[in-house]
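Coordinates as given in upload_30.txt (compact mmCIF, N, CA and C atoms):
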```txt
# COMPACT_ATOMS: atom_id res chain seq x y z
N MET K 1 -58.68 -37.02 -0.15
CA MET K 1 -57.91 -35.80 -0.21
C MET K 1 -56.43 -36.09 -0.49
N ARG K 2 -55.91 -37.14 0.17
CA ARG K 2 -54.51 -37.49 -0.02
C ARG K 2 -54.23 -37.92 -1.46
N ILE K 3 -55.15 -38.66 -2.05
CA ILE K 3 -54.99 -39.09 -3.43
C ILE K 3 -54.95 -37.89 -4.36
N LEU K 4 -55.77 -36.90 -4.09
CA LEU K 4 -55.78 -35.69 -4.90
C LEU K 4 -54.44 -34.97 -4.83
N LYS K 5 -53.86 -34.89 -3.64
CA LYS K 5 -52.55 -34.24 -3.48
C LYS K 5 -51.46 -35.00 -4.23
N ILE K 6 -51.50 -36.32 -4.13
CA ILE K 6 -50.51 -37.14 -4.82
C ILE K 6 -50.68 -37.00 -6.34
N SER K 7 -51.92 -37.02 -6.80
CA SER K 7 -52.17 -36.86 -8.23
C SER K 7 -51.68 -35.50 -8.73
N SER K 8 -51.92 -34.48 -7.95
CA SER K 8 -51.47 -33.14 -8.33
C SER K 8 -49.95 -33.08 -8.41
N ALA K 9 -49.29 -33.69 -7.45
CA ALA K 9 -47.83 -33.70 -7.45
C ALA K 9 -47.29 -34.45 -8.66
N LEU K 10 -47.90 -35.58 -9.00
CA LEU K 10 -47.45 -36.34 -10.16
C LEU K 10 -47.67 -35.56 -11.46
N CYS K 11 -48.77 -34.87 -11.56
CA CYS K 11 -49.02 -34.04 -12.75
C CYS K 11 -47.98 -32.94 -12.86
N ALA K 12 -47.66 -32.31 -11.75
CA ALA K 12 -46.66 -31.24 -11.77
C ALA K 12 -45.31 -31.79 -12.20
N LEU K 13 -44.95 -32.96 -11.70
CA LEU K 13 -43.67 -33.57 -12.09
C LEU K 13 -43.65 -33.90 -13.57
N SER K 14 -44.75 -34.43 -14.09
CA SER K 14 -44.76 -34.78 -15.51
C SER K 14 -44.69 -33.53 -16.37
N LEU K 15 -45.30 -32.44 -15.95
CA LEU K 15 -45.21 -31.19 -16.70
C LEU K 15 -43.78 -30.66 -16.69
N CYS K 16 -43.08 -30.80 -15.57
CA CYS K 16 -41.68 -30.39 -15.51
C CYS K 16 -40.85 -31.20 -16.50
N SER K 17 -41.10 -32.49 -16.61
CA SER K 17 -40.36 -33.32 -17.55
C SER K 17 -40.59 -32.86 -18.97
N LEU K 18 -41.83 -32.52 -19.29
CA LEU K 18 -42.13 -32.06 -20.64
C LEU K 18 -41.41 -30.76 -20.93
N THR K 19 -41.32 -29.88 -19.95
CA THR K 19 -40.64 -28.61 -20.14
C THR K 19 -39.16 -28.84 -20.42
N VAL K 20 -38.54 -29.73 -19.67
CA VAL K 20 -37.12 -30.02 -19.88
C VAL K 20 -36.92 -30.58 -21.28
N GLN K 21 -37.77 -31.50 -21.70
CA GLN K 21 -37.66 -32.07 -23.04
C GLN K 21 -37.82 -30.99 -24.10
N ALA K 22 -38.78 -30.09 -23.90
CA ALA K 22 -38.99 -29.02 -24.86
C ALA K 22 -37.76 -28.13 -24.97
N ASP K 23 -37.10 -27.89 -23.85
CA ASP K 23 -35.88 -27.07 -23.87
C ASP K 23 -34.78 -27.72 -24.70
N VAL K 24 -34.68 -29.03 -24.61
CA VAL K 24 -33.67 -29.74 -25.39
C VAL K 24 -33.97 -29.59 -26.88
N TRP K 25 -35.22 -29.73 -27.25
CA TRP K 25 -35.59 -29.59 -28.66
C TRP K 25 -35.37 -28.17 -29.15
N GLN K 26 -35.68 -27.21 -28.31
CA GLN K 26 -35.43 -25.80 -28.66
C GLN K 26 -33.93 -25.57 -28.83
N GLY K 27 -33.15 -26.13 -27.92
CA GLY K 27 -31.69 -26.01 -28.01
C GLY K 27 -31.15 -26.63 -29.27
N LYS K 28 -31.70 -27.78 -29.64
CA LYS K 28 -31.26 -28.44 -30.88
C LYS K 28 -31.56 -27.55 -32.09
N ALA K 29 -32.75 -27.00 -32.13
CA ALA K 29 -33.13 -26.13 -33.26
C ALA K 29 -32.22 -24.90 -33.34
N LEU K 30 -31.94 -24.30 -32.19
CA LEU K 30 -31.07 -23.12 -32.17
C LEU K 30 -29.64 -23.47 -32.59
N GLU K 31 -29.16 -24.61 -32.11
CA GLU K 31 -27.80 -25.06 -32.47
C GLU K 31 -27.71 -25.31 -33.97
N GLU K 32 -28.70 -25.97 -34.53
CA GLU K 32 -28.69 -26.26 -35.97
C GLU K 32 -28.76 -24.98 -36.79
N GLN K 33 -29.49 -24.01 -36.30
CA GLN K 33 -29.67 -22.75 -37.02
C GLN K 33 -28.41 -21.89 -36.99
N SER K 34 -27.70 -21.88 -35.87
CA SER K 34 -26.59 -20.94 -35.71
C SER K 34 -25.21 -21.58 -35.66
N CYS K 35 -25.03 -22.59 -34.87
CA CYS K 35 -23.70 -23.15 -34.65
C CYS K 35 -23.14 -23.82 -35.90
N SER K 36 -24.03 -24.40 -36.69
CA SER K 36 -23.57 -25.11 -37.88
C SER K 36 -23.04 -24.16 -38.96
N LYS K 37 -23.19 -22.86 -38.77
CA LYS K 37 -22.60 -21.89 -39.70
C LYS K 37 -21.08 -21.95 -39.63
N CYS K 38 -20.55 -22.28 -38.45
CA CYS K 38 -19.10 -22.28 -38.25
C CYS K 38 -18.47 -23.67 -38.20
N HIS K 39 -19.22 -24.67 -37.77
CA HIS K 39 -18.65 -26.01 -37.63
C HIS K 39 -19.75 -27.07 -37.64
N ASP K 40 -19.33 -28.32 -37.84
CA ASP K 40 -20.28 -29.43 -37.76
C ASP K 40 -20.18 -30.08 -36.37
N HIS K 41 -20.90 -31.15 -36.17
CA HIS K 41 -20.94 -31.79 -34.86
C HIS K 41 -19.64 -32.45 -34.45
N SER K 42 -18.72 -32.64 -35.37
CA SER K 42 -17.47 -33.29 -35.01
C SER K 42 -16.67 -32.49 -33.98
N VAL K 43 -16.90 -31.20 -33.89
CA VAL K 43 -16.19 -30.38 -32.90
C VAL K 43 -16.58 -30.80 -31.48
N TYR K 44 -17.77 -31.34 -31.31
CA TYR K 44 -18.23 -31.76 -29.99
C TYR K 44 -17.71 -33.14 -29.60
N THR K 45 -17.31 -33.92 -30.58
CA THR K 45 -16.93 -35.31 -30.30
C THR K 45 -15.46 -35.61 -30.54
N ARG K 46 -14.70 -34.61 -30.96
CA ARG K 46 -13.29 -34.88 -31.24
C ARG K 46 -12.54 -35.26 -29.95
N PRO K 47 -11.53 -36.11 -30.07
CA PRO K 47 -10.80 -36.59 -28.88
C PRO K 47 -10.10 -35.48 -28.10
N ASP K 48 -9.66 -34.44 -28.78
CA ASP K 48 -8.91 -33.38 -28.10
C ASP K 48 -9.78 -32.16 -27.76
N ARG K 49 -11.07 -32.38 -27.56
CA ARG K 49 -11.94 -31.23 -27.27
C ARG K 49 -11.52 -30.56 -25.97
N ARG K 50 -11.69 -29.25 -25.95
CA ARG K 50 -11.23 -28.44 -24.82
C ARG K 50 -12.29 -28.28 -23.73
N ILE K 51 -13.51 -28.57 -24.04
CA ILE K 51 -14.60 -28.41 -23.08
C ILE K 51 -14.61 -29.61 -22.15
N ASN K 52 -14.39 -29.37 -20.85
CA ASN K 52 -14.30 -30.49 -19.91
C ASN K 52 -15.22 -30.35 -18.70
N SER K 53 -16.16 -29.41 -18.77
CA SER K 53 -17.12 -29.26 -17.67
C SER K 53 -18.36 -28.52 -18.18
N LEU K 54 -19.42 -28.61 -17.43
CA LEU K 54 -20.65 -27.90 -17.79
C LEU K 54 -20.43 -26.39 -17.78
N ALA K 55 -19.65 -25.91 -16.84
CA ALA K 55 -19.34 -24.47 -16.78
C ALA K 55 -18.58 -24.03 -18.03
N ALA K 56 -17.61 -24.84 -18.45
CA ALA K 56 -16.84 -24.51 -19.64
C ALA K 56 -17.72 -24.55 -20.90
N LEU K 57 -18.64 -25.48 -20.95
CA LEU K 57 -19.57 -25.56 -22.07
C LEU K 57 -20.46 -24.32 -22.12
N THR K 58 -20.95 -23.90 -20.98
CA THR K 58 -21.79 -22.70 -20.91
C THR K 58 -21.01 -21.47 -21.37
N GLN K 59 -19.78 -21.34 -20.93
CA GLN K 59 -18.95 -20.21 -21.35
C GLN K 59 -18.69 -20.23 -22.85
N GLN K 60 -18.42 -21.42 -23.38
CA GLN K 60 -18.12 -21.52 -24.82
C GLN K 60 -19.34 -21.17 -25.66
N VAL K 61 -20.50 -21.66 -25.26
CA VAL K 61 -21.72 -21.32 -26.00
C VAL K 61 -21.95 -19.81 -25.95
N SER K 62 -21.74 -19.21 -24.81
CA SER K 62 -21.91 -17.75 -24.68
C SER K 62 -20.92 -17.00 -25.57
N ARG K 63 -19.68 -17.47 -25.65
CA ARG K 63 -18.67 -16.82 -26.49
C ARG K 63 -18.99 -16.97 -27.98
N CYS K 64 -19.58 -18.08 -28.35
CA CYS K 64 -19.83 -18.36 -29.77
C CYS K 64 -21.07 -17.65 -30.31
N LYS K 65 -21.91 -17.13 -29.45
CA LYS K 65 -23.16 -16.52 -29.92
C LYS K 65 -22.91 -15.39 -30.92
N LYS K 66 -22.04 -14.47 -30.58
CA LYS K 66 -21.82 -13.31 -31.43
C LYS K 66 -21.26 -13.68 -32.81
N PRO K 67 -20.18 -14.48 -32.88
CA PRO K 67 -19.67 -14.85 -34.21
C PRO K 67 -20.69 -15.62 -35.06
N ALA K 68 -21.56 -16.36 -34.39
CA ALA K 68 -22.57 -17.14 -35.11
C ALA K 68 -23.78 -16.30 -35.49
N GLY K 69 -23.83 -15.07 -34.99
CA GLY K 69 -24.96 -14.20 -35.28
C GLY K 69 -26.21 -14.55 -34.51
N ALA K 70 -26.04 -15.27 -33.41
CA ALA K 70 -27.17 -15.68 -32.58
C ALA K 70 -27.46 -14.62 -31.52
N GLU K 71 -28.68 -14.20 -31.46
CA GLU K 71 -29.09 -13.23 -30.45
C GLU K 71 -29.97 -13.92 -29.42
N TRP K 72 -29.40 -14.93 -28.78
CA TRP K 72 -30.16 -15.71 -27.81
C TRP K 72 -30.20 -15.01 -26.48
N ASP K 73 -31.35 -15.13 -25.82
CA ASP K 73 -31.44 -14.65 -24.45
C ASP K 73 -30.87 -15.72 -23.53
N LYS K 74 -30.94 -15.46 -22.24
CA LYS K 74 -30.37 -16.37 -21.24
C LYS K 74 -30.99 -17.76 -21.32
N ASP K 75 -32.32 -17.82 -21.47
CA ASP K 75 -33.01 -19.11 -21.53
C ASP K 75 -32.66 -19.89 -22.79
N GLU K 76 -32.55 -19.21 -23.90
CA GLU K 76 -32.19 -19.88 -25.15
C GLU K 76 -30.76 -20.41 -25.10
N THR K 77 -29.87 -19.63 -24.51
CA THR K 77 -28.49 -20.09 -24.33
C THR K 77 -28.47 -21.34 -23.46
N ALA K 78 -29.26 -21.33 -22.39
CA ALA K 78 -29.35 -22.50 -21.52
C ALA K 78 -29.92 -23.71 -22.27
N ASP K 79 -30.87 -23.47 -23.18
CA ASP K 79 -31.42 -24.56 -23.98
C ASP K 79 -30.35 -25.19 -24.86
N VAL K 80 -29.52 -24.38 -25.48
CA VAL K 80 -28.45 -24.89 -26.33
C VAL K 80 -27.45 -25.69 -25.49
N VAL K 81 -27.09 -25.15 -24.35
CA VAL K 81 -26.16 -25.86 -23.45
C VAL K 81 -26.77 -27.19 -23.04
N GLU K 82 -28.04 -27.20 -22.70
CA GLU K 82 -28.70 -28.44 -22.28
C GLU K 82 -28.70 -29.46 -23.42
N TYR K 83 -29.02 -29.01 -24.61
CA TYR K 83 -29.01 -29.92 -25.77
C TYR K 83 -27.61 -30.50 -25.99
N LEU K 84 -26.60 -29.63 -26.05
CA LEU K 84 -25.24 -30.11 -26.29
C LEU K 84 -24.78 -31.06 -25.21
N ASN K 85 -25.13 -30.75 -23.98
CA ASN K 85 -24.72 -31.61 -22.88
C ASN K 85 -25.40 -32.98 -22.96
N LYS K 86 -26.68 -32.99 -23.22
CA LYS K 86 -27.40 -34.26 -23.29
C LYS K 86 -26.99 -35.08 -24.51
N GLU K 87 -26.74 -34.42 -25.62
CA GLU K 87 -26.44 -35.12 -26.87
C GLU K 87 -24.98 -35.54 -27.00
N PHE K 88 -24.06 -34.71 -26.51
CA PHE K 88 -22.64 -34.94 -26.79
C PHE K 88 -21.75 -35.05 -25.54
N TYR K 89 -21.91 -34.19 -24.60
CA TYR K 89 -20.94 -34.07 -23.49
C TYR K 89 -21.26 -34.96 -22.29
N ARG K 90 -22.49 -34.92 -21.86
CA ARG K 90 -22.97 -35.73 -20.73
C ARG K 90 -22.28 -35.42 -19.41
N PHE K 91 -22.10 -34.12 -19.13
CA PHE K 91 -21.59 -33.71 -17.81
C PHE K 91 -22.73 -33.83 -16.81
N LYS K 92 -22.39 -34.01 -15.57
CA LYS K 92 -23.43 -34.13 -14.52
C LYS K 92 -23.60 -32.83 -13.80
```

As structure tokens - that is how I would like this structure written.
Amino acid sequence: MRILKISSALCALSLCSLTVQADVWQGKALEEQSCSKCHDHSVYTRPDRRINSLAALTQQVSRCKKPAGAEWDKDETADVVEYLNKEFYRFK
């Protein structure tokens, strides 16, 4: 019985990891589709970038949605933030 519980827990954890990975890929696709209309990736890596926290990144992505023509819901916005953070910013 104990082995079954441990196996179930490990399966649940691995499914959570897959979900997080899928969100990053979704965020990448959304970013490529919308954000690149206004700028390239150099805006994320420039030395004088203004984004200095995960909260600031979330706010900036939310502000940029309308000019980019992106009609993302809350989850899609979070996917883009997660992608940008993992790929460029690396805030904790």

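If you look at atom CA of Lys92 of chain K and atom CA of Leu30 of chain K, they are 22.2 Å away from each other.
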
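When only C-alpha atoms are used to measure the gap to Ser62 of chain K, the shortest distance among K:Arg90, K:Lys74, K:Lys37, K:Arg49 belongs to K:Lys74.
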
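From atom CA of Arg46 of chain K back to atom CA of Asp75 of chain K, the distance works out to 27.1 Å.
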
> Quick one, how far is atom C of Val61 of chain K from atom C of Glu76 of chain K?
Replying inline: 8.9 Å

> Can you find the residues with an atom no farther than 8 Å from (-25.4, -18.5, -35.7), counting all atoms listed in the file, and report them as a PyMOL selection string?
Replying inline: chain K and resi 30-38+64-71

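Here the question is which of K:Thr77, K:Tyr83, K:Asp48, K:Phe88 gets nearest to Trp25 of chain K using only C-alpha atoms, and that residue is K:Tyr83.
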
> Restricting the calculation to only C-alpha atoms, which member of K:Gly27, K:Ser53, K:Trp72, K:Asp79 is positioned closest to Phe91 of chain K?
Replying inline: K:Ser53

Would you mind exporting segment 64-90 of chain K with C-alpha atoms, as a short mmCIF file (atom, residue, chain, number, x, y, z; two decimals), in the first residue's frame?
```cif
data_model
loop_
_atom_site.label_atom_id
_atom_site.label_comp_id
_atom_site.auth_asym_id
_atom_site.auth_seq_id
_atom_site.Cartn_x
_atom_site.Cartn_y
_atom_site.Cartn_z
CA CYS K 64 2.29 45.46 -23.57
CA LYS K 65 -0.65 43.19 -24.42
CA LYS K 66 -2.89 45.88 -25.88
CA PRO K 67 -0.30 47.60 -28.13
CA ALA K 68 0.80 44.17 -29.38
CA GLY K 69 -2.78 43.20 -30.15
CA ALA K 70 -2.61 40.23 -27.78
CA GLU K 71 -5.86 39.18 -26.17
CA TRP K 72 -4.32 36.87 -23.61
CA ASP K 73 -6.21 35.68 -20.59
CA LYS K 74 -4.63 35.54 -17.15
CA ASP K 75 -3.09 32.09 -17.71
CA GLU K 76 -1.62 33.01 -21.08
CA THR K 77 -0.12 36.18 -19.62
CA ALA K 78 1.41 34.07 -16.85
CA ASP K 79 2.81 31.71 -19.50
CA VAL K 80 4.55 34.59 -21.27
CA VAL K 81 5.94 35.89 -17.99
CA GLU K 82 7.19 32.41 -17.10
CA TYR K 83 8.87 32.01 -20.49
CA LEU K 84 10.54 35.42 -20.35
CA ASN K 85 11.69 34.84 -16.80
CA LYS K 86 13.15 31.41 -17.50
CA GLU K 87 14.75 32.42 -20.80
CA PHE K 88 16.03 35.94 -20.08
CA TYR K 89 15.46 37.39 -16.60
CA ARG K 90 15.85 34.51 -14.12
#
```
